[in-house]
Amino acid sequence: MTTRKTRSDRQPAPGLPVARVCVDVPLSHLDRLFDYKVSAEQDSTAQPGVRVRVRFAGQLVDGWLIERAEESEHLGKLAWLERVVSPEPVLRPEIAALARAVADRYAGSLIDVLRLAVPPRQAAVEKEPPADRSGLAAGDNGSAVSGGSAGEMSAGDAGQVVAAGDDGRAVGDGSAVAEVAAGGRDAAGDSALGVGRAVSGGSTPAEIAAGDSALGVGRAVSGGSAAAEIAAGDSALGVGRAVGGDPAVAEIAAGPWLSFEWARYQAGTAFVRALAQGREPRAVWSALPGEEWPARFAEAIAATVQSGRGAVAVVPDARDLNRLDEALTKLLGPDRHVALSAALGPTKRYRRFLRLSRGEVTVAIGTRAAAFAPVGRLGLVAIWDDGDDVHAEPRAPYPHARQVLLTRAQSAGAAVLLGGFARTAEAQQLLATGWAKEIVASRDMLRDFAPEVRPADDRQLARDPAAASARLPSVAWQAAREAVRAGEPVLIQVPRRGYVPSVSCQDCRERARCPHCAGPLSLGDSGAPPSCRWCARPAAGFVCPVCGGRRLRAAVTGVRRTAEEIGRALPDIPVWTSGGETVLERVAAQPALVLATPGAEPVADGGYGAVLLLDTWALLTRADLRAGEEAARRWFAAAALVKPKGTVVVVADGALAAVQALIRWDPGWLAERELAERRELRFPPVAAIASVTGVASAVNELLGEARLPEDAELLGPLPVGQGQERMLVRVRRSAGARLAESLHAAAGVRSARKAAEVVRVHVDPVQL
DNA sequence: TCAATCCGTATC
DNA sequence: ATACGGATTGAC
């Protein structure tokens with residue numbers, strides 16, 4: 001430390017003396033690698049993937065060492081690599097390549113994608129010794145919900161671990177059971193998992209548990225010889241689980257990662273089996289209503305782990321992440337995966353990231369940024385509910401987690417699982433091209449699981465004498481009362497939170513607007529006259545400009561108002577609300593009215609007795625290309641929480657395609673229609689579209705500079721407020737890469753010119 | 001003829 | 001961003 005060498009003292013590294021560096025400057029014309037000289041002292045630490053500091057255009061900037069080279073193409077003089085910030089190679093070559101591919105597809109810069117892919121460094125975390133579990137003992141075992149059993153589980157060596165945990169459980173009698181529970185050979189052996197579980201024992205479970213399993217997982221329910229054979233068989237997996245003595249069943253049941261629930265779906269078992277066998281099936285999975293999807297995801301991941309490969313799974317939010325984390329912990333224990341989310345805070349986030357980066361764990365689950373998680377030998381990428389717009393990154397270049405994962409799967413040769421209750425047009429496109437196969441329940445299964453969906457047209461509402469309020473038709477009340485009487489909770493989905501966010505004319509339903517600025521009017525809860533949400537002026541004497549009506553109605557009634565109304569009509573029943581700041585995760589199997597905004601619906605133990613979908617037109621009338629698809633996605637997600645064959649009431653016109661799809665529980669049919677429509681309209685995913693947003697002159701400048709593909713079609717401009725406008729550029733899908741490239745290059749020309757006005761380029765924007 | 005200044009361009 | 005080179009300008 002004391003001998004700080006001067007510039008002239010430095011000697012070049014003996015081998016590969018050139019470092020190729022991605023510098024952290026925000027200018028898009030500098031989006032390429034720059035070469036620096038590596039000194040002999042830096043030789044061992046200046047490895048691909050480390051953070052460095054370099055002199056660039058006279059100042060010190062951060063950068064990423066992407067690769068080492070024998071010589072440089074650069075004709076001028078090379079500067080020395082100023083400093084290796086940390087020897088930790090947190091950016092693996094395959095993630096750097098992925099980030100480059102994502103940047104290219106989205107017309108963005110590598111450095112911007114790297115900012116999304118690698119969390120900020122925490123020097124103290126890097127210094128924690130890798131073998132030391134103190135970080136884990138401190139409560140961070142990689143689980144989002146630091147589970148109670150984590151402490152015991154990580155205590156000993158692998159064999160003992162699980163026997164001590166939740167999965168070491170044995171139910172029933174017999175010596176065999178005892179052996180399983182005690183671990184026997186498994187616990188003592190080289191088992192990675194060593195899970196023993198037997199129910200209603202006999203000799204079978206013992207044999208299973210004693211098998212020459214690589215995993216040593218034994219689980220049998222009401223054993224029989226079939227079960228024994230499976231478990232003891234020559235399976236490389238050596239995992240046994242059987243229910244009943246039925247050999248057919250036994251054949252299917254190959255491990256704890258292959259549960260019976262997969263047999264409900266055509267190609268379900270084959271998919272999971274293929275994962276366990278190290279193959280790379282690609283599937284779009286439409287989950288049955290009531291499906292415990294976190295358990296299925298966990299099984300798919302466990303099967304992949306079984307094959308010696310890693311996995312990455314992305315879910316929309318923290319609540320889903322907790323559920324998946326729990327399911328995975330049950331199946332794999334707490335030490336074989338990490339849960340990543342931005343909400344963790346920088347220290348935990350970086351600690352978990354390092355565990356992946358160092359190869360200590362090979363399974364990453366998390367929210368959208370986890371799509372970039374450093375998992376080597378990638379076997380599976382999975383995403384739940386890929387239509388949820390939180391999967392789209394809001395920071396430039398706005399990559400979508402599904403696209404990142406698909407890109408990754410393609411280059412790594414990994415399996416793909418796109419799961420959801422609903423299906424996106426993008427997923428349908430993967431099926432249409434034959435790139436992926438569908439995993440769907442048979443019609444028979446659907447008959448057993450699908451809820452009874454009753455549409456209630458809200459145009460008839462006003463005339464419904466039994467409607468207890470202006471918005472709840474009698475069918476809805478009836479369904480709610482029946483469920484509550486049966487001791488079950490009722491879920492009521494209401495589109496927005498707050499109190500009557502907007503109002504419309506009672507007579508013609510025209511949206512009520514401010515006479516001064518045309519902003520939307522809204523009602524507060526104090527009984528005051530409506531006021532403008534934009535200019536805050538009160539609008540006391542409202543006269544509808546369309547029909548001359550003077551009365552107002554609540555256009556979108558907020559959760560709180562709905563809770564009041566419904567609470568009055570069903571007294572003595574507790575009313576819970578979930579949405580916005582306070583999101584409930586679960587509710588008990590008790591009579592309750594649970595009001596939730598879309599996406600915030602709690603899961604009910606045993607399922608809801610009834611689900612009511614209210615104010616649906618608020619979802620349907622959004623001026624967005626995806627409004628129909630989005631409404632259906634939210635309905636499917638809420639309706640899936642009803643108990644098997646429960647009742648769902650959707651207050652909407654039964655003739656709407658989205659309602660029809662819900663009634664028939666056929667998300668595939670809806671996605672097919674949606675895709676056909678997109679094809680007709682030439683919208684993504686059939687065509688490639690980029691939006692270019694900024695002040696008019698800047699947008700025109702960029703588009704004038706861009707060497708767009710020849711058949712590029714320009715749409716717009718569309719004013720988007722604050723002097724900004726938006727142009728759309730459309731090309732056929734096969735020219736998508738060239739479109740992105742031309743726009744990135746044009747942005748580069750502008751940035752080189754020091755153009756002051758910002759222009760945002762968004763490839764395949766989620767909202768159109 | 002030379003320094004001061006401006007402008008464009010590369011940044012290793 | 002900022003640093004540099006070449007062109008331009010103005011004073012001697």
# chains A, B, ... in the order shown; residues from 1 in each chain; ligands from 1
$ closest_atom_pairs --of "chain C" --to "chain A" --cutoff "9 Å" --atoms "only C-alpha atoms (C1' of nucleotides)" --output "JSON lines"
{"residue": "C:DA1", "atom": "C1'", "partner": "A:Ala57", "partner_atom": "CA", "distance": 8.3}
{"residue": "C:DT2", "atom": "C1'", "partner": "A:Ala57", "partner_atom": "CA", "distance": 6.2}
{"residue": "C:DA3", "atom": "C1'", "partner": "A:Ala57", "partner_atom": "CA", "distance": 6.6}
$ write_last_selection --atoms "C-alpha atoms (C1' of nucleotides)" --output "compact mmCIF listing (two decimals), in the first residue's frame"
# COMPACT_ATOMS: atom_id res chain seq x y z
C1' DA C 1 -18.42 15.48 -19.98
C1' DT C 2 -13.34 17.31 -21.40
C1' DA C 3 -9.34 17.43 -24.09
$ interface_residues --of "chain B" --to "chain A" --cutoff "12 Å" --atoms "only C-alpha atoms (C1' of nucleotides)" --output "VMD selection string"
chain B and resid 7 to 12
$ write_last_selection --atoms "C-alpha atoms (C1' of nucleotides)" --output "compact mmCIF listing (two decimals), in the first residue's frame"
# COMPACT_ATOMS: atom_id res chain seq x y z
C1' DC B 7 -15.46 24.69 -33.30
C1' DG B 8 -15.64 20.00 -34.27
C1' DT B 9 -14.51 15.55 -32.98
C1' DA B 10 -12.61 11.68 -30.34
C1' DT B 11 -12.57 9.76 -26.01
C1' DC B 12 -8.21 3.45 -25.70
$ residues_around --residues "segment 667-674 of chain A" --least-positions-apart "3" --cutoff "8 Å" --atoms "only C-alpha atoms (C1' of nucleotides)" --output "list in words"
Ser286, Phe421, Ala422, Arg423, Thr424, Ala425, Gln428, Glu629, Ala657, Ala658, Ala661, Leu662, Glu677 and Arg678 of chain A
$ residues_around --residues "segment 371-378 of chain A" --least-positions-apart "4" --cutoff "6 Å" --atoms "only C-alpha atoms (C1' of nucleotides)" --output "list of chain:residue names"
A:Ala117, A:Arg309, A:Gly310, A:Ala311, A:Leu356, A:Ser357, A:Thr362, A:Ala401, A:Leu405, A:Ala414
$ write_last_selection --atoms "C-alpha atoms" --output "PDB file, in the first residue's frame"
ATOM      1  CA  ALA A 117     -28.023  -6.852 -14.440  1.00  0.00           C
ATOM      2  CA  ARG A 309     -28.357 -27.786 -13.922  1.00  0.00           C
ATOM      3  CA  GLY A 310     -29.314 -24.381 -12.576  1.00  0.00           C
ATOM      4  CA  ALA A 311     -32.536 -22.436 -12.957  1.00  0.00           C
ATOM      5  CA  LEU A 356     -24.895 -17.073  -7.222  1.00  0.00           C
ATOM      6  CA  SER A 357     -21.913 -15.378  -8.779  1.00  0.00           C
ATOM      7  CA  THR A 362     -27.460 -22.458  -8.804  1.00  0.00           C
ATOM      8  CA  ALA A 401     -38.075 -10.023 -18.297  1.00  0.00           C
ATOM      9  CA  LEU A 405     -35.221 -15.034 -20.289  1.00  0.00           C
ATOM     10  CA  ALA A 414     -32.162 -24.091 -21.532  1.00  0.00           C
TER      11      ALA A 414
END
$ residues_around --residues "segment 7-12 of chain C" --least-positions-apart "2" --cutoff "10 Å" --atoms "only C-alpha atoms (C1' of nucleotides)" --output "count of residues only"
8
$ residues_around --residues "Gly607 of chain A" --least-positions-apart "2" --cutoff "10 Å" --atoms "only C-alpha atoms (C1' of nucleotides)" --output "short mmCIF file (atom, residue, chain, number, x, y, z; two decimals) with N, CA and C atoms, in the first residue's frame"
data_model
loop_
_atom_site.label_atom_id
_atom_site.label_comp_id
_atom_site.auth_asym_id
_atom_site.auth_seq_id
_atom_site.Cartn_x
_atom_site.Cartn_y
_atom_site.Cartn_z
N PRO A 289 -57.54 -23.29 -12.59
CA PRO A 289 -57.95 -22.45 -11.46
C PRO A 289 -57.64 -23.16 -10.14
N GLY A 290 -57.21 -22.40 -9.18
CA GLY A 290 -56.90 -22.98 -7.88
C GLY A 290 -55.53 -23.61 -7.81
N GLU A 488 -67.31 -19.48 4.06
CA GLU A 488 -66.18 -19.22 3.17
C GLU A 488 -66.00 -17.72 2.91
N PRO A 489 -64.78 -17.31 2.63
CA PRO A 489 -64.57 -15.90 2.30
C PRO A 489 -64.99 -15.60 0.86
N VAL A 490 -65.28 -14.33 0.61
CA VAL A 490 -65.68 -13.88 -0.72
C VAL A 490 -64.67 -12.83 -1.19
N LEU A 491 -64.20 -13.01 -2.40
CA LEU A 491 -63.26 -12.03 -2.96
C LEU A 491 -64.01 -11.07 -3.88
N VAL A 587 -55.79 -15.10 3.39
CA VAL A 587 -56.90 -14.98 4.33
C VAL A 587 -57.33 -16.38 4.72
N ALA A 588 -57.91 -16.49 5.93
CA ALA A 588 -58.29 -17.79 6.46
C ALA A 588 -59.61 -18.27 5.83
N ALA A 589 -59.89 -19.54 6.02
CA ALA A 589 -61.13 -20.13 5.50
C ALA A 589 -62.28 -19.79 6.44
N VAL A 603 -54.51 -14.85 -1.28
CA VAL A 603 -54.88 -16.24 -1.51
C VAL A 603 -55.71 -16.69 -0.31
N ALA A 604 -56.79 -17.42 -0.55
CA ALA A 604 -57.61 -17.91 0.56
C ALA A 604 -57.31 -19.38 0.80
N ASP A 605 -57.17 -19.76 2.05
CA ASP A 605 -56.96 -21.17 2.35
C ASP A 605 -58.18 -21.95 1.90
N GLY A 609 -65.18 -18.90 -1.57
CA GLY A 609 -66.47 -19.46 -1.93
C GLY A 609 -67.01 -18.81 -3.20
N ALA A 610 -66.75 -17.52 -3.33
CA ALA A 610 -67.20 -16.80 -4.52
C ALA A 610 -66.23 -15.67 -4.82
N VAL A 611 -66.15 -15.33 -6.09
CA VAL A 611 -65.33 -14.19 -6.51
C VAL A 611 -66.21 -13.26 -7.34
N ALA A 639 -60.21 -15.01 -10.51
CA ALA A 639 -61.13 -16.15 -10.56
C ALA A 639 -60.43 -17.45 -10.19
N ALA A 640 -59.12 -17.51 -10.44
CA ALA A 640 -58.36 -18.72 -10.12
C ALA A 640 -58.27 -18.96 -8.62
N LEU A 641 -58.64 -17.96 -7.84
CA LEU A 641 -58.52 -18.11 -6.38
C LEU A 641 -59.80 -18.68 -5.76
N VAL A 642 -60.81 -18.93 -6.59
CA VAL A 642 -62.06 -19.49 -6.08
C VAL A 642 -61.85 -20.98 -5.82
N LYS A 643 -62.65 -21.54 -4.93
CA LYS A 643 -62.52 -22.99 -4.66
C LYS A 643 -62.94 -23.77 -5.91
N PRO A 644 -62.57 -25.03 -6.01
CA PRO A 644 -62.96 -25.80 -7.18
C PRO A 644 -64.48 -25.75 -7.37
N GLY A 646 -66.30 -23.28 -7.64
CA GLY A 646 -66.93 -22.15 -6.95
C GLY A 646 -67.60 -21.22 -7.95
#
$ atom_distance --atom1 "atom CA of Ala652 of chain A" --atom2 "atom CA of Asp615 of chain A"
7.9 Å
$ select_by_dssp --residues "segment 529-596 of chain A" --states "helix (DSSP H, G or I)" --output "ChimeraX atom specification"
/A:559-569
$ atom_distance --atom1 "atom CA of Leu718 of chain A" --atom2 "atom CA of Ala627 of chain A"
19.0 Å
$ select_by_dssp --residues "segment 325-418 of chain A" --states "strand (DSSP E)" --output "list in words"
His337, Val338, Ala339, Leu340, Val363, Ala364, Ile365, Gly366, Leu378, Gly379, Leu380, Val381, Ala382, Ile383, Trp384, Ala415, Val416, Leu417 and Leu418 of chain A
$ write_last_selection --atoms "C-alpha atoms" --output "compact mmCIF listing (two decimals), in the first residue's frame"
# COMPACT_ATOMS: atom_id res chain seq x y z
CA HIS A 337 -31.55 -21.16 -3.97
CA VAL A 338 -31.64 -17.42 -3.42
CA ALA A 339 -34.49 -14.97 -3.77
CA LEU A 340 -33.55 -11.65 -5.33
CA VAL A 363 -31.09 -21.45 -8.49
CA ALA A 364 -32.21 -17.83 -8.60
CA ILE A 365 -35.79 -16.71 -8.11
CA GLY A 366 -36.83 -13.10 -8.05
CA LEU A 378 -28.54 -22.98 -16.99
CA GLY A 379 -31.19 -25.66 -17.39
CA LEU A 380 -34.44 -23.77 -17.01
CA VAL A 381 -35.83 -20.28 -17.24
CA ALA A 382 -39.32 -19.70 -15.92
CA ILE A 383 -41.65 -16.75 -15.63
CA TRP A 384 -45.01 -16.54 -13.94
CA ALA A 415 -35.74 -25.21 -21.02
CA VAL A 416 -38.49 -22.60 -20.82
CA LEU A 417 -41.62 -22.41 -18.72
CA LEU A 418 -44.03 -19.53 -19.29
$ atom_distance --atom1 "atom CA of His29 of chain A" --atom2 "atom CA of Ala747 of chain A"
7.5 Å
